[in-house]
Amino acid sequence: MTSHYGDFTAPDGLRTRGTVLVVAGRGETPASYGRFGARLAADAYRVRVLPPPPADLAAALTAAVAGIPDLVRPLVLAGADAGAAAVGALVARPRPEAPWWPDAVVLAGLPGYDAHATAEWDDELDARTHCPVHRGVLTGDATVQRGTLATTVPAALLDAAYGSTAEQPHLLLVGDADPVASRADLARLAKSLPSVRLAVVRGAHHDVLNDLQHRSVAAEVVAFLEAVRGTPPLTPVVHAESSSW
């Protein structure tokens with residue numbers, strides 16, 4: 001791990017299958033995604049985690065990919081919380097000539113328009129995650145900015161993200177116990193995107209990549225990445241032909 005990014009590479013002897021750039025959310029640091037990055041890297045994906053989105057996310061992504069030698073596509077942009085809003089808004093624009101322009105997009109815990117009040121750190125943790133390990137990661141990281149989940153994501157950013165009709169395949173992830181997300185806005189976004197999967201995680205809270213269900217969520221992301229590697233149109237590698245549950 002570098003001083004600025006969280007970096008995770010495929011195990012020795014395995015060929016890298018693609019590249020994932022993750023943009024963290026409000027108050028978080030790249031260290032918040034150590035477990036998620038390691039899980040994807042174990043399946044031979046190159047993962048680089050960026051801090052919460054700066055004013056010029058495009059420039060930050062340009063710098064991030066410049067530091068990855070022999071970048072392997074497909075390249076997927078993933079964002080969490082405000083990072084999801086920033087990524088969603090960015091890919092909604094006309095396609096630029098940029099080395100980071102993604103082949104697919106993952107938006108996790110895309111926030112709604114309403115502010116979420118948190119009186120104490122425990123309140124913020126309860127909104128974020130009920131996973132004791134991740135709560136410990138957030139609490140033990142002195143660089144995590146407490147209280148930021150109560151700040152408002154700019155409406156213009158959310159307008160652009162929720163108004164997107166971007167052509168890239170999208171995976172939208174939301175916990176069904178997320179007090180920060182807007183399921184109605186996510187449902188409308190899912191109807192407007194031409195290639196999209198909206199996955200709702202039972203019992204998960206706002207930090208859907210890092211809650212109690214993180215193993216299943218990482219598996220869902222890997223399944224999406226594997227589908228993206230295939231020939232369009234996007235087709236799941238595994239489908240259930242018969243199931244009693």
# chains A, B, ... in the order shown; residues from 1 in each chain; ligands from 1
>>> residues_around(residues="Pro94 of chain A", least_positions_apart="6", cutoff="12 Å", atoms="only C-alpha atoms", output="PyMOL selection string")
chain A and resi 101+164-167
>>> closest_atom_pairs(of="segment 213-244 of chain A", to="segment 66-89 of chain A", cutoff="9 Å", atoms="only C-alpha atoms", output="Markdown table")
| residue | atom | partner | partner_atom | distance |
| --- | --- | --- | --- | --- |
| A:Leu225 | CA | A:Val76 | CA | 8.0 |
| A:Val228 | CA | A:Pro74 | CA | 7.3 |
| A:Arg229 | CA | A:Pro74 | CA | 6.5 |
>>> select_by_dssp(residues="segment 71-228 of chain A", states="alpha helix (DSSP H)", output="PyMOL selection string")
chain A and resi 82-91+121-128+132-140+155-162+183-192+214-228
>>> closest_residue(among="A:His130, A:His116, A:Arg48, A:His170", to="Val221 of chain A", atoms="only C-alpha atoms")
A:His170
>>> select_by_dssp(residues="segment 138-173 of chain A", states="strand (DSSP E or B)", output="list in words")
His170, Leu171, Leu172 and Leu173 of chain A
>>> write_last_selection(atoms="C-alpha atoms", output="PDB file, in the first residue's frame")
ATOM      1  CA  HIS A 170     -23.599  -0.785 -14.380  1.00  0.00           C
ATOM      2  CA  LEU A 171     -23.841  -2.776 -11.154  1.00  0.00           C
ATOM      3  CA  LEU A 172     -25.831  -0.891  -8.509  1.00  0.00           C
ATOM      4  CA  LEU A 173     -25.434  -2.215  -4.963  1.00  0.00           C
TER       5      LEU A 173
END
>>> closest_residue(among="A:Leu138, A:Leu110, A:Ala156, A:Ala115", to="His206 of chain A", atoms="only C-alpha atoms")
A:Leu110
>>> residues_around(residues="Leu209 of chain A", least_positions_apart="5", cutoff="12 Å", atoms="only C-alpha atoms", output="number ranges by chain")
A: 22, 24-25, 32-37, 39-40, 78-81, 84, 106-110, 128-131, 134, 172-175, 178, 200-201, 204, 214-221
>>> closest_residue(among="A:Val208, A:Val20, A:Val91, A:Ala199", to="Ala127 of chain A", atoms="only C-alpha atoms")
A:Val208
>>> closest_residue(among="A:Tyr45, A:Tyr113, A:Trp245, A:Phe8", to="Val222 of chain A", atoms="only C-alpha atoms")
A:Tyr45
>>> atom_distance(atom1="atom CA of Thr143 of chain A", atom2="atom CA of Val23 of chain A")
16.2 Å
